[in-house]
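> Quick one, model.cif (mmCIF, C-alpha atoms):
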```
data_input
#
loop_
_atom_site.label_atom_id
_atom_site.label_comp_id
_atom_site.auth_asym_id
_atom_site.auth_seq_id
_atom_site.Cartn_x
_atom_site.Cartn_y
_atom_site.Cartn_z
CA MET A 1 26.17 -57.74 -20.63
CA SER A 2 23.21 -56.57 -18.51
CA ALA A 3 25.58 -55.08 -15.91
CA SER A 4 27.38 -52.93 -18.49
CA ARG A 5 24.01 -51.74 -19.82
CA ALA A 6 22.97 -50.75 -16.29
CA VAL A 7 26.23 -48.85 -15.84
CA ARG A 8 25.65 -46.94 -19.08
CA CYS A 9 22.09 -46.05 -18.04
CA SER A 10 23.31 -44.81 -14.69
CA LEU A 11 25.89 -42.61 -16.41
CA ILE A 12 23.27 -41.16 -18.75
CA VAL A 13 20.94 -40.35 -15.85
CA ALA A 14 23.77 -38.79 -13.88
CA LEU A 15 24.82 -36.65 -16.86
CA GLY A 16 21.21 -35.57 -17.32
CA PHE A 17 21.06 -34.38 -13.73
CA VAL A 18 24.37 -32.57 -14.20
CA PHE A 19 23.03 -30.61 -17.18
CA LEU A 20 19.50 -30.04 -15.90
CA LEU A 21 20.23 -29.18 -12.28
CA PRO A 22 22.03 -25.85 -12.87
CA GLY A 23 19.28 -24.66 -15.16
CA SER A 24 16.55 -25.60 -12.71
CA MET A 25 18.44 -24.02 -9.84
CA ALA A 26 18.89 -20.85 -11.85
CA ALA A 27 15.26 -20.77 -12.88
CA GLN A 28 13.85 -21.45 -9.44
CA PRO A 29 14.91 -18.16 -7.77
CA ALA A 30 13.50 -16.22 -10.71
CA ALA A 31 10.16 -17.99 -10.40
CA THR A 32 9.92 -17.48 -6.65
CA ALA A 33 11.65 -14.11 -6.39
CA PRO A 34 9.51 -11.80 -4.22
CA ARG A 35 7.98 -8.81 -5.93
CA THR A 36 7.46 -5.38 -4.39
CA PHE A 37 4.19 -3.50 -4.89
CA GLU A 38 3.99 0.17 -3.91
CA LEU A 39 0.64 1.49 -2.72
CA ALA A 40 0.46 4.23 -5.36
CA ALA A 41 1.09 1.72 -8.15
CA LEU A 42 -1.62 -0.57 -6.77
CA GLN A 43 -4.11 2.29 -6.67
CA ARG A 44 -3.40 3.16 -10.30
CA ALA A 45 -3.63 -0.50 -11.31
CA ALA A 46 -7.00 -0.87 -9.59
CA ILE A 47 -8.42 2.14 -11.43
CA GLU A 48 -6.97 1.13 -14.81
CA SER A 49 -8.22 -2.46 -14.53
CA ASP A 50 -11.73 -1.52 -13.42
CA PRO A 51 -14.31 -2.30 -16.13
CA ARG A 52 -15.88 1.13 -15.62
CA MET A 53 -12.83 2.76 -17.19
CA ARG A 54 -14.34 1.74 -20.54
CA GLN A 55 -17.22 4.07 -19.82
CA LEU A 56 -15.00 7.10 -20.44
CA ARG A 57 -14.37 6.02 -24.02
CA LEU A 58 -17.93 4.79 -24.56
CA LEU A 59 -19.40 8.06 -23.31
CA MET A 60 -17.16 9.96 -25.72
CA GLU A 61 -18.23 7.80 -28.65
CA GLN A 62 -21.87 8.22 -27.67
CA SER A 63 -21.48 12.00 -27.46
CA GLU A 64 -19.74 12.17 -30.85
CA LEU A 65 -22.73 10.44 -32.45
CA ARG A 66 -25.13 12.92 -30.86
CA LEU A 67 -22.99 15.88 -31.94
CA ARG A 68 -23.01 14.59 -35.49
CA ASN A 69 -26.80 14.37 -35.35
CA ILE A 70 -26.98 17.98 -34.13
CA ALA A 71 -24.60 19.10 -36.90
CA VAL A 72 -26.90 17.48 -39.46
CA GLY A 73 -29.45 20.15 -38.52
CA ARG A 74 -27.38 22.68 -40.52
CA LEU A 75 -27.69 20.63 -43.72
CA PRO A 76 -30.65 20.62 -46.09
CA ALA A 77 -33.45 18.30 -45.02
CA VAL A 78 -34.80 16.32 -47.95
CA GLY A 79 -38.13 14.50 -47.70
CA VAL A 80 -40.30 12.51 -50.07
CA GLU A 81 -44.05 13.11 -49.89
CA GLY A 82 -46.89 11.17 -51.47
CA LEU A 83 -50.65 11.58 -51.32
CA ALA A 84 -53.64 9.76 -52.74
CA GLN A 85 -57.14 10.69 -51.59
CA TYR A 86 -60.76 10.79 -52.58
CA GLN A 87 -63.22 13.42 -51.38
CA SER A 88 -66.97 13.37 -51.63
CA ASP A 89 -67.31 16.86 -52.97
CA VAL A 90 -65.21 19.45 -54.74
CA VAL A 91 -65.53 23.15 -55.50
CA GLN A 92 -67.36 24.02 -58.73
CA ALA A 93 -68.03 27.21 -60.70
CA ALA A 94 -71.05 29.13 -59.43
CA PHE A 95 -72.44 29.82 -62.92
CA PRO A 96 -72.52 27.24 -65.70
CA LEU A 97 -71.71 28.05 -69.31
CA PRO A 98 -74.46 28.52 -71.89
CA GLY A 99 -75.92 25.16 -72.65
CA GLY A 100 -75.59 24.04 -69.03
CA GLN A 101 -71.96 22.98 -69.28
CA ILE A 102 -70.00 23.39 -66.05
CA LEU A 103 -67.15 25.87 -66.32
CA PHE A 104 -64.75 23.67 -64.36
CA SER A 105 -64.99 20.69 -62.03
CA PRO A 106 -61.84 19.46 -60.19
CA PRO A 107 -61.47 15.69 -59.77
CA LYS A 108 -62.65 14.14 -56.55
CA ALA A 109 -59.65 11.78 -56.59
CA THR A 110 -56.29 13.55 -56.20
CA PHE A 111 -52.76 12.18 -56.44
CA ASP A 112 -49.52 13.89 -55.57
CA ALA A 113 -45.86 12.82 -55.23
CA GLY A 114 -42.90 15.11 -54.73
CA ILE A 115 -39.67 16.06 -53.01
CA ARG A 116 -39.53 18.72 -50.30
CA ILE A 117 -36.29 20.47 -49.26
CA GLU A 118 -35.76 22.67 -46.21
CA GLN A 119 -32.57 24.61 -45.49
CA PRO A 120 -32.12 26.28 -42.06
CA LEU A 121 -30.91 29.89 -42.28
CA LEU A 122 -31.08 30.94 -38.63
CA ASP A 123 -31.35 28.52 -35.71
CA ALA A 124 -29.70 29.55 -32.45
CA THR A 125 -30.61 26.24 -30.80
CA LEU A 126 -28.02 24.26 -32.81
CA ASP A 127 -24.98 25.86 -31.15
CA ALA A 128 -26.69 25.75 -27.77
CA ARG A 129 -27.51 22.05 -28.15
CA SER A 130 -23.91 21.25 -29.17
CA ALA A 131 -22.54 23.14 -26.16
CA LEU A 132 -24.98 21.36 -23.86
CA GLU A 133 -24.01 17.95 -25.24
CA ARG A 134 -20.30 18.63 -24.65
CA SER A 135 -21.08 19.83 -21.14
CA GLN A 136 -23.11 16.70 -20.43
CA LEU A 137 -20.21 14.54 -21.66
CA ALA A 138 -17.78 16.30 -19.31
CA GLU A 139 -20.20 15.87 -16.40
CA GLN A 140 -20.73 12.17 -17.09
CA GLN A 141 -16.99 11.52 -17.37
CA ALA A 142 -16.39 13.44 -14.14
CA ARG A 143 -19.02 11.28 -12.43
CA VAL A 144 -17.23 8.12 -13.62
CA ARG A 145 -13.89 9.43 -12.30
CA THR A 146 -15.54 10.23 -8.98
CA THR A 147 -16.87 6.69 -8.75
CA LEU A 148 -13.47 5.22 -9.61
CA PHE A 149 -11.76 7.40 -7.01
CA ALA A 150 -13.46 5.35 -4.29
CA LEU A 151 -11.27 2.42 -5.39
CA ARG A 152 -8.27 4.16 -3.82
CA GLN A 153 -9.71 3.77 -0.35
CA GLN A 154 -10.66 0.16 -1.06
CA VAL A 155 -7.07 -0.54 -2.14
CA ASN A 156 -5.84 1.22 1.00
CA ASP A 157 -7.95 -1.03 3.23
CA ALA A 158 -6.86 -4.23 1.46
CA PHE A 159 -3.21 -3.13 1.25
CA PHE A 160 -2.84 -2.22 4.91
CA GLY A 161 -4.82 -5.27 5.98
CA ALA A 162 -2.24 -7.46 4.25
CA ALA A 163 0.63 -5.24 5.42
CA ALA A 164 -0.49 -5.55 9.05
CA LEU A 165 -0.48 -9.33 8.78
CA GLN A 166 2.94 -9.13 7.10
CA ALA A 167 4.30 -7.03 9.98
CA ARG A 168 2.88 -9.40 12.60
CA ALA A 169 4.39 -12.33 10.70
CA GLY A 170 7.81 -10.65 10.83
CA ALA A 171 7.58 -10.12 14.57
CA LEU A 172 6.37 -13.69 15.05
CA ALA A 173 9.22 -15.08 12.95
CA THR A 174 11.74 -13.47 15.31
CA THR A 175 10.01 -15.06 18.28
CA VAL A 176 9.93 -18.48 16.58
CA ALA A 177 13.65 -18.26 15.88
CA ASP A 178 14.34 -17.39 19.53
CA LEU A 179 12.16 -20.24 20.78
CA GLN A 180 13.86 -22.71 18.44
CA ALA A 181 17.25 -21.66 19.77
CA ARG A 182 16.05 -21.99 23.36
CA LEU A 183 14.56 -25.41 22.62
CA ASP A 184 17.88 -26.62 21.25
CA GLU A 185 19.64 -25.35 24.37
CA VAL A 186 17.13 -26.92 26.77
CA ASN A 187 17.26 -30.24 24.88
CA ALA A 188 21.03 -30.17 25.19
CA ARG A 189 20.74 -29.53 28.92
CA VAL A 190 18.21 -32.35 29.28
CA THR A 191 20.67 -34.65 27.56
CA GLN A 192 23.36 -33.48 29.96
CA GLY A 193 21.02 -34.01 32.90
CA THR A 194 21.01 -30.37 34.00
CA ALA A 195 17.38 -29.73 33.06
CA LEU A 196 14.12 -31.59 33.37
CA PRO A 197 12.30 -32.91 30.27
CA ALA A 198 9.30 -30.84 31.31
CA GLU A 199 11.34 -27.71 30.63
CA ALA A 200 11.91 -28.77 27.03
CA ALA A 201 8.28 -29.83 26.70
CA ALA A 202 7.07 -26.38 27.77
CA VAL A 203 9.34 -24.62 25.27
CA GLU A 204 8.41 -27.02 22.48
CA ALA A 205 4.67 -26.62 23.16
CA THR A 206 4.97 -22.85 22.99
CA LEU A 207 7.03 -23.14 19.79
CA LEU A 208 4.34 -25.28 18.20
CA GLN A 209 1.69 -22.74 19.19
CA ARG A 210 3.70 -19.94 17.61
CA ARG A 211 4.05 -21.96 14.42
CA GLN A 212 0.30 -22.44 14.42
CA ASP A 213 0.02 -18.67 14.73
CA GLU A 214 2.33 -18.36 11.71
CA ASP A 215 0.07 -20.65 9.69
CA GLU A 216 -2.99 -18.63 10.66
CA LEU A 217 -1.27 -15.37 9.75
CA ARG A 218 -0.16 -16.83 6.43
CA THR A 219 -3.70 -17.97 5.61
CA ASN A 220 -5.22 -14.63 6.54
CA ARG A 221 -2.59 -12.77 4.51
CA GLU A 222 -3.29 -14.95 1.48
CA ALA A 223 -6.96 -14.03 1.78
CA ALA A 224 -6.08 -10.33 2.05
CA LEU A 225 -3.78 -10.61 -0.98
CA ALA A 226 -6.53 -12.38 -2.91
CA ARG A 227 -8.89 -9.49 -2.24
CA LEU A 228 -6.20 -7.01 -3.27
CA ALA A 229 -5.47 -9.05 -6.41
CA ILE A 230 -9.13 -8.82 -7.42
CA LEU A 231 -9.03 -5.05 -7.02
CA ILE A 232 -5.87 -4.54 -9.10
CA GLY A 233 -6.71 -7.18 -11.69
CA GLN A 234 -3.48 -9.20 -11.38
CA PRO A 235 -2.38 -12.14 -9.21
CA LEU A 236 -0.35 -11.71 -6.03
CA ARG A 237 1.81 -14.32 -4.34
CA ASP A 238 2.36 -14.96 -0.65
CA GLY A 239 6.00 -13.92 -0.92
CA ASP A 240 5.21 -10.53 -2.47
CA VAL A 241 6.26 -7.56 -0.36
CA LEU A 242 4.00 -4.62 0.43
CA PRO A 243 6.30 -1.84 1.72
CA LEU A 244 4.72 0.82 3.87
CA PRO A 245 4.73 4.38 2.48
CA ASN A 246 7.26 6.87 3.78
CA VAL A 247 5.35 8.08 6.81
CA VAL A 248 7.50 11.14 7.47
CA GLU A 249 7.18 12.41 3.90
CA THR A 250 3.51 11.50 3.73
CA VAL A 251 2.65 13.33 6.96
CA ALA A 252 4.66 16.37 5.86
CA ARG A 253 2.81 16.54 2.55
CA ALA A 254 -0.52 16.10 4.29
CA GLN A 255 0.24 18.85 6.81
CA GLN A 256 1.24 21.24 4.02
CA ALA A 257 -1.92 20.49 2.05
CA SER A 258 -4.64 23.06 2.55
CA ALA A 259 -8.08 22.09 3.74
CA ALA A 260 -9.41 23.77 0.59
CA VAL A 261 -7.42 21.52 -1.75
CA ARG A 262 -9.31 20.87 -4.97
CA SER A 263 -7.64 17.65 -6.11
CA ARG A 264 -10.67 15.49 -5.40
CA PRO A 265 -12.66 14.53 -8.52
CA GLU A 266 -15.85 15.57 -6.74
CA TYR A 267 -14.86 19.21 -7.26
CA GLU A 268 -14.56 18.64 -10.98
CA LEU A 269 -18.01 17.03 -10.92
CA PHE A 270 -19.46 20.06 -9.10
CA ALA A 271 -17.93 22.38 -11.70
CA ARG A 272 -19.16 20.28 -14.62
CA THR A 273 -22.68 20.13 -13.18
CA ARG A 274 -22.77 23.92 -12.81
CA ASP A 275 -21.56 24.29 -16.38
CA ARG A 276 -24.23 21.89 -17.64
CA LEU A 277 -26.96 23.84 -15.85
CA GLY A 278 -25.65 27.04 -17.40
CA ARG A 279 -25.71 25.47 -20.87
CA GLN A 280 -29.29 24.36 -20.30
CA ALA A 281 -30.24 27.94 -19.42
CA GLU A 282 -28.59 29.15 -22.64
CA LEU A 283 -30.55 26.58 -24.64
CA THR A 284 -33.77 27.81 -23.04
CA LYS A 285 -32.96 31.34 -24.18
CA ALA A 286 -32.08 30.13 -27.68
CA GLN A 287 -35.41 28.36 -27.98
CA GLU A 288 -37.16 31.72 -27.56
CA ARG A 289 -35.39 33.27 -30.54
CA PRO A 290 -36.84 33.23 -34.08
CA ARG A 291 -35.98 30.38 -36.41
CA VAL A 292 -35.71 31.01 -40.14
CA TRP A 293 -35.40 28.54 -42.96
CA THR A 294 -36.12 28.26 -46.67
CA PHE A 295 -38.20 25.55 -48.21
CA GLY A 296 -39.10 24.30 -51.65
CA LYS A 297 -41.02 21.47 -53.24
CA VAL A 298 -41.03 19.82 -56.66
CA ALA A 299 -43.91 17.41 -57.35
CA TYR A 300 -46.05 15.69 -59.93
CA GLY A 301 -49.76 15.41 -59.25
CA LEU A 302 -53.35 15.31 -60.35
CA PRO A 303 -54.35 18.08 -60.32
CA GLY A 304 -51.31 20.34 -60.04
CA LEU A 305 -51.34 23.84 -58.60
CA ASN A 306 -53.89 24.79 -61.21
CA PHE A 307 -56.76 22.77 -59.81
CA VAL A 308 -59.07 23.97 -62.57
CA VAL A 309 -57.26 21.79 -65.09
CA SER A 310 -57.90 18.16 -64.28
CA GLU A 311 -54.63 16.84 -65.70
CA TRP A 312 -51.34 15.41 -64.46
CA GLU A 313 -48.64 18.07 -64.30
CA PHE A 314 -45.32 18.97 -62.72
CA TYR A 315 -45.24 21.88 -60.36
CA GLY A 316 -42.99 23.50 -57.79
CA PHE A 317 -42.92 26.23 -55.17
CA GLY A 318 -40.54 27.68 -52.56
CA GLY A 319 -40.29 30.35 -49.92
CA VAL A 320 -39.00 31.45 -46.55
CA ARG A 321 -40.58 30.53 -43.24
CA VAL A 322 -40.15 32.19 -39.86
CA GLU A 323 -41.13 30.63 -36.55
CA TRP A 324 -41.04 32.54 -33.28
CA LYS A 325 -42.60 31.63 -29.98
CA ALA A 326 -43.41 35.18 -29.03
CA LEU A 327 -45.55 34.24 -26.07
CA THR A 328 -44.68 31.31 -23.80
CA TRP A 329 -46.73 32.43 -20.79
CA GLY A 330 -43.59 32.59 -18.64
CA ALA A 331 -42.62 28.95 -19.20
CA ALA A 332 -39.08 29.82 -20.34
CA ALA A 333 -38.52 32.17 -17.42
CA ARG A 334 -39.70 29.55 -14.96
CA GLU A 335 -37.38 26.97 -16.52
CA ARG A 336 -34.41 29.32 -16.14
CA GLU A 337 -35.43 29.96 -12.53
CA ALA A 338 -35.54 26.20 -11.90
CA LEU A 339 -32.05 25.87 -13.38
CA ALA A 340 -30.82 28.68 -11.13
CA ILE A 341 -32.19 26.76 -8.14
CA GLY A 342 -30.26 23.74 -9.43
CA GLN A 343 -27.09 25.86 -9.24
CA GLN A 344 -27.87 26.61 -5.60
CA ILE A 345 -28.39 22.91 -4.91
CA VAL A 346 -24.94 22.14 -6.37
CA ALA A 347 -23.43 24.90 -4.22
CA ALA A 348 -25.07 23.41 -1.12
CA ASP A 349 -23.73 19.94 -1.99
CA GLN A 350 -20.24 21.33 -2.40
CA ALA A 351 -20.44 23.19 0.91
CA ALA A 352 -21.53 19.99 2.65
CA PHE A 353 -18.70 18.10 0.95
CA ASP A 354 -16.22 20.75 2.14
CA ARG A 355 -17.46 20.39 5.69
CA GLY A 356 -17.24 16.60 5.57
CA LEU A 357 -13.72 16.88 4.18
CA LEU A 358 -12.66 19.16 7.02
CA GLU A 359 -14.13 16.77 9.60
CA SER A 360 -12.39 13.76 8.04
CA THR A 361 -8.99 15.46 7.78
CA ALA A 362 -9.24 16.71 11.36
CA THR A 363 -9.95 13.16 12.56
CA GLU A 364 -7.09 11.72 10.51
CA ARG A 365 -4.62 14.35 11.74
CA ALA A 366 -5.59 13.59 15.33
CA SER A 367 -5.10 9.86 14.68
CA ILE A 368 -1.66 10.52 13.16
CA GLU A 369 -0.56 12.51 16.21
CA ARG A 370 -1.85 9.81 18.57
CA LEU A 371 -0.12 7.02 16.64
CA GLN A 372 3.16 8.94 16.44
CA HIS A 373 3.15 9.29 20.21
CA ALA A 374 2.13 5.64 20.62
CA LEU A 375 5.02 4.50 18.42
CA THR A 376 7.50 6.44 20.55
CA VAL A 377 6.17 4.65 23.63
CA ASP A 378 6.15 1.32 21.76
CA GLU A 379 9.84 1.64 20.96
CA ARG A 380 10.61 2.16 24.64
CA ILE A 381 8.36 -0.74 25.69
CA VAL A 382 9.92 -3.12 23.17
CA ALA A 383 13.43 -2.10 24.26
CA LEU A 384 12.53 -2.76 27.89
CA ARG A 385 10.84 -6.08 27.09
CA GLU A 386 13.87 -7.18 25.08
CA GLN A 387 16.11 -6.29 28.00
CA VAL A 388 13.96 -8.33 30.38
CA ALA A 389 13.80 -11.23 27.91
CA ARG A 390 17.59 -11.29 27.49
CA SER A 391 18.07 -11.26 31.25
CA THR A 392 15.55 -14.07 31.67
CA GLN A 393 17.25 -16.02 28.87
CA ILE A 394 20.61 -15.80 30.61
CA ARG A 395 19.07 -16.86 33.88
CA LEU A 396 17.36 -19.76 32.09
CA GLN A 397 20.69 -20.89 30.67
CA GLU A 398 22.14 -20.73 34.16
CA GLY A 399 19.19 -22.69 35.54
CA VAL A 400 18.08 -19.90 37.86
CA VAL A 401 14.58 -19.55 36.38
CA THR A 402 12.21 -22.07 34.88
CA ALA A 403 11.19 -22.31 31.24
CA SER A 404 7.67 -21.16 32.16
CA GLU A 405 8.96 -17.83 33.44
CA TYR A 406 11.08 -17.39 30.31
CA LEU A 407 8.09 -18.17 28.10
CA ASP A 408 6.01 -15.59 29.97
CA ARG A 409 8.65 -12.93 29.25
CA GLN A 410 8.79 -14.02 25.60
CA ALA A 411 4.98 -13.71 25.32
CA GLU A 412 5.16 -10.19 26.76
CA LEU A 413 7.88 -9.28 24.27
CA LEU A 414 5.87 -10.72 21.39
CA HIS A 415 2.80 -8.73 22.38
CA ALA A 416 4.92 -5.57 22.57
CA ARG A 417 6.31 -6.24 19.10
CA PHE A 418 2.83 -6.92 17.79
CA ALA A 419 1.65 -3.60 19.24
CA ARG A 420 4.57 -1.73 17.66
CA ALA A 421 4.04 -3.38 14.27
CA GLY A 422 0.33 -2.68 14.43
CA HIS A 423 0.86 0.98 15.28
CA GLU A 424 3.38 1.34 12.45
CA VAL A 425 0.86 0.04 9.95
CA GLU A 426 -1.95 2.11 11.46
CA LEU A 427 0.18 5.25 11.23
CA ALA A 428 1.00 4.58 7.58
CA GLN A 429 -2.66 3.80 6.91
CA ALA A 430 -3.89 6.97 8.60
CA SER A 431 -1.35 9.02 6.64
CA ALA A 432 -2.36 7.40 3.35
CA ARG A 433 -6.02 7.86 4.20
CA LEU A 434 -5.40 11.55 4.87
CA LEU A 435 -3.71 12.01 1.50
CA THR A 436 -6.50 10.09 -0.22
CA THR A 437 -9.09 12.24 1.53
CA LEU A 438 -7.30 15.33 0.29
CA GLY A 439 -7.15 13.90 -3.23
CA LEU A 440 -3.35 13.57 -3.25
CA GLU A 441 -1.47 10.53 -4.46
CA VAL A 442 0.43 8.42 -1.92
CA GLN A 443 4.15 8.28 -2.65
#
```
Let's see the structure in the file written out as structure tokens.


Amino acid sequence: MSASRAVRCSLIVALGFVFLLPGSMAAQPAATAPRTFELAALQRAAIESDPRMRQLRLLMEQSELRLRNIAVGRLPAVGVEGLAQYQSDVVQAAFPLPGGQILFSPPKATFDAGIRIEQPLLDATLDARSALERSQLAEQQARVRTTLFALRQQVNDAFFGAAALQARAGALATTVADLQARLDEVNARVTQGTALPAEAAAVEATLLQRRQDEDELRTNREAALARLAILIGQPLRDGDVLPLPNVVETVARAQQASAAVRSRPEYELFARTRDRLGRQAELTKAQERPRVWTFGKVAYGLPGLNFVVSEWEFYGFGGVRVEWKALTWGAAAREREALAIGQQIVAADQAAFDRGLLESTATERASIERLQHALTVDERIVALREQVARSTQIRLQEGVVTASEYLDRQAELLHARFARAGHEVELAQASARLLTTLGLEVQ
């Protein structure tokens, strides 16, 4: 009875594996499938995920509140006034009435409560203040975009740091595969008695060292990916692929781009700053113009407007008021002159930025030319090293050379491949850096 129960349990477990295994095998590749991340997409992701992107919306909301406050200046201003006071003396009639009676004597205690309304009729500062506020908003947003633009270069550094380790890992993997094949061959020859065990030991030791190098590269790449993940605001896995940009297309676009390209956000910031200074100068002029508004008041007090009658009464008055700062002792002119100097300062900053941009692009173009030439030489060196390594491998199989000599040739080949991979990444990085310097997006 217990045996049959055990058989049934075994069948149930086996059927469970039959049904679950295909699903798990199908799900596993999807979970571990490598993803590809283009440099341009990573740059956009870093900017969009940066907390400072919220500042663009917050600055707009802040400016809208200030504009609404400025617009309120066109509406009637309503105020409530109240007064209660006592004075030690009041005006009296100079001549008393017959019998010594005083003609009139206002009360020493006065009370007054009323509503005052003012309606602007002419105020040139309102439009000037609104224009200045909009200009300040544009300048602040341009400054935020300029700050965020620096993330592109940070992404470039992290991206190509990980890509360089990825390229070295690829070259190392080829060497590890070759060493494993040679180790199998030497072990077979040791078994056959045609090679010494020391030969296999030398190959195996080198293989273990290369696998240690793989572990180190993997760890360093994980660290580089972690830094890149922080920048873009999403996780990255070790198996994710970071393809290098199309160097030929990138260099062609960079060479066609003019040194006076205005794609950098700094140029927008310069323009917005100049506009803001101009709006401030317009506001200074507007503050010199006359301001006109009407006013009126309705109140209830003791006494009223007729102070001779010491009684509570309602009263009201209204009129038009004009205010004009006719003489400012040159303060407005000096303020406009200071703003004009500010324009010159912005122009000097832009000229210095132009010069720095020209210096940077000249350096990057020189680096691109050097790396292109170096890659051409690298290809030839790798081809020659591979030829020597194949010849040494054949001679090792024939027992003409020792494993040590073969391992020396393999090390030289690996270093050549490392140099080629490094120059490929450096060329792509220099090209991307040139486009970023010019304010163009990497494709």

> List the neighbours of stretch 309-318 of chain A out to 12 Å using only C-alpha atoms; skip same-chain residues closer than 5 positions along the sequence, and give me the result as a VMD selection string.

chain A and resid 103 to 119 293 to 304

> Do you have the atom CA of A:Ala403-atom CA of A:Glu216 distance handy?

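Distance reported for this atom pair: 25.3 Å.
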
> Starting from the shown file, work through the PyMOL selection byres ((chain A and resi 197-211) around 7) and note down what comes out as a list in words.

Val176, Leu179, Gln180, Leu183, Val186, Asn187, Val190, Ala195, Leu196, Gln212, Asp213, Glu214, Asp215, Ala403 and Ser404 of chain A

> Distance atom CA of A:Arg52-atom CA of A:Arg279, one decimal place?

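Separating atom CA of A:Arg52 from atom CA of A:Arg279 is a distance of 26.8 Å.
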
> Find the nearest atom pair between each residue of stretch 254-329 of chain A and stretch 142-151 of chain A for residues within 6 Å, count all atoms listed in the file, give distances in Å to one decimal, sort rows by chain and ascending number, and present the table as a tab-separated table.


```
residue	atom	partner	partner_atom	distance
A:Pro265	CA	A:Thr146	CA	5.2
A:Glu266	CA	A:Thr146	CA	5.8
A:Leu269	CA	A:Ala142	CA	5.1
```

> I need the residue nearest A:Arg264 from this list: A:Arg66, A:Arg152, A:Arg276, A:His415. Use all atoms listed in the file for the distance.

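The answer is A:Arg152, which sits nearest to A:Arg264.
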
> Run through the PyMOL selection byres ((chain A and resi 134) around 12) on the given coordinates and return the selected residues as a PyMOL selection string.

chain A and resi 59-68+70+127-133+135-141+272-273+275-276+279-280

> List every protein, DNA or RNA residue that has at least one atom no more than 10 Å from (5.7, -15.2, 1.7) in the file's coordinates, counting all atoms listed in the file, and write the result as a count of residues only.

12

> Just to confirm, what's the straight-line distance from atom CA of A:His423 to atom CA of A:Leu375 in Å (one decimal)?

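Rounded to one decimal, the two atoms are 6.3 Å apart.
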
> Please expand the PyMOL selection byres ((chain A and resi 431) around 9) into the concrete residues it hits in this file, giving the result as an MDAnalysis selection string.

chainID A and resid 245 247 250:251 254 364:365 367:368 426:430 432:436 442

> Save the residues we just selected, C-alpha atoms, as a PDB file, in the frame of the given file?


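Wrote it out as out_17.pdb, contents follow:
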```
ATOM      1  CA  PRO A 245       4.730   4.380   2.480  1.00  0.00           C
ATOM      2  CA  VAL A 247       5.350   8.080   6.810  1.00  0.00           C
ATOM      3  CA  THR A 250       3.510  11.500   3.730  1.00  0.00           C
ATOM      4  CA  VAL A 251       2.650  13.330   6.960  1.00  0.00           C
ATOM      5  CA  ALA A 254      -0.520  16.100   4.290  1.00  0.00           C
ATOM      6  CA  GLU A 364      -7.090  11.720  10.510  1.00  0.00           C
ATOM      7  CA  ARG A 365      -4.620  14.350  11.740  1.00  0.00           C
ATOM      8  CA  SER A 367      -5.100   9.860  14.680  1.00  0.00           C
ATOM      9  CA  ILE A 368      -1.660  10.520  13.160  1.00  0.00           C
ATOM     10  CA  GLU A 426      -1.950   2.110  11.460  1.00  0.00           C
ATOM     11  CA  LEU A 427       0.180   5.250  11.230  1.00  0.00           C
ATOM     12  CA  ALA A 428       1.000   4.580   7.580  1.00  0.00           C
ATOM     13  CA  GLN A 429      -2.660   3.800   6.910  1.00  0.00           C
ATOM     14  CA  ALA A 430      -3.890   6.970   8.600  1.00  0.00           C
ATOM     15  CA  ALA A 432      -2.360   7.400   3.350  1.00  0.00           C
ATOM     16  CA  ARG A 433      -6.020   7.860   4.200  1.00  0.00           C
ATOM     17  CA  LEU A 434      -5.400  11.550   4.870  1.00  0.00           C
ATOM     18  CA  LEU A 435      -3.710  12.010   1.500  1.00  0.00           C
ATOM     19  CA  THR A 436      -6.500  10.090  -0.220  1.00  0.00           C
ATOM     20  CA  VAL A 442       0.430   8.420  -1.920  1.00  0.00           C
TER      21      VAL A 442
END
```

> Excluding A:Thr284 and any residue of its chain fewer than 2 positions from it, enumerate the residues within 9 Å of it, using all atoms listed in the file, and give them as a count of residues only.

13
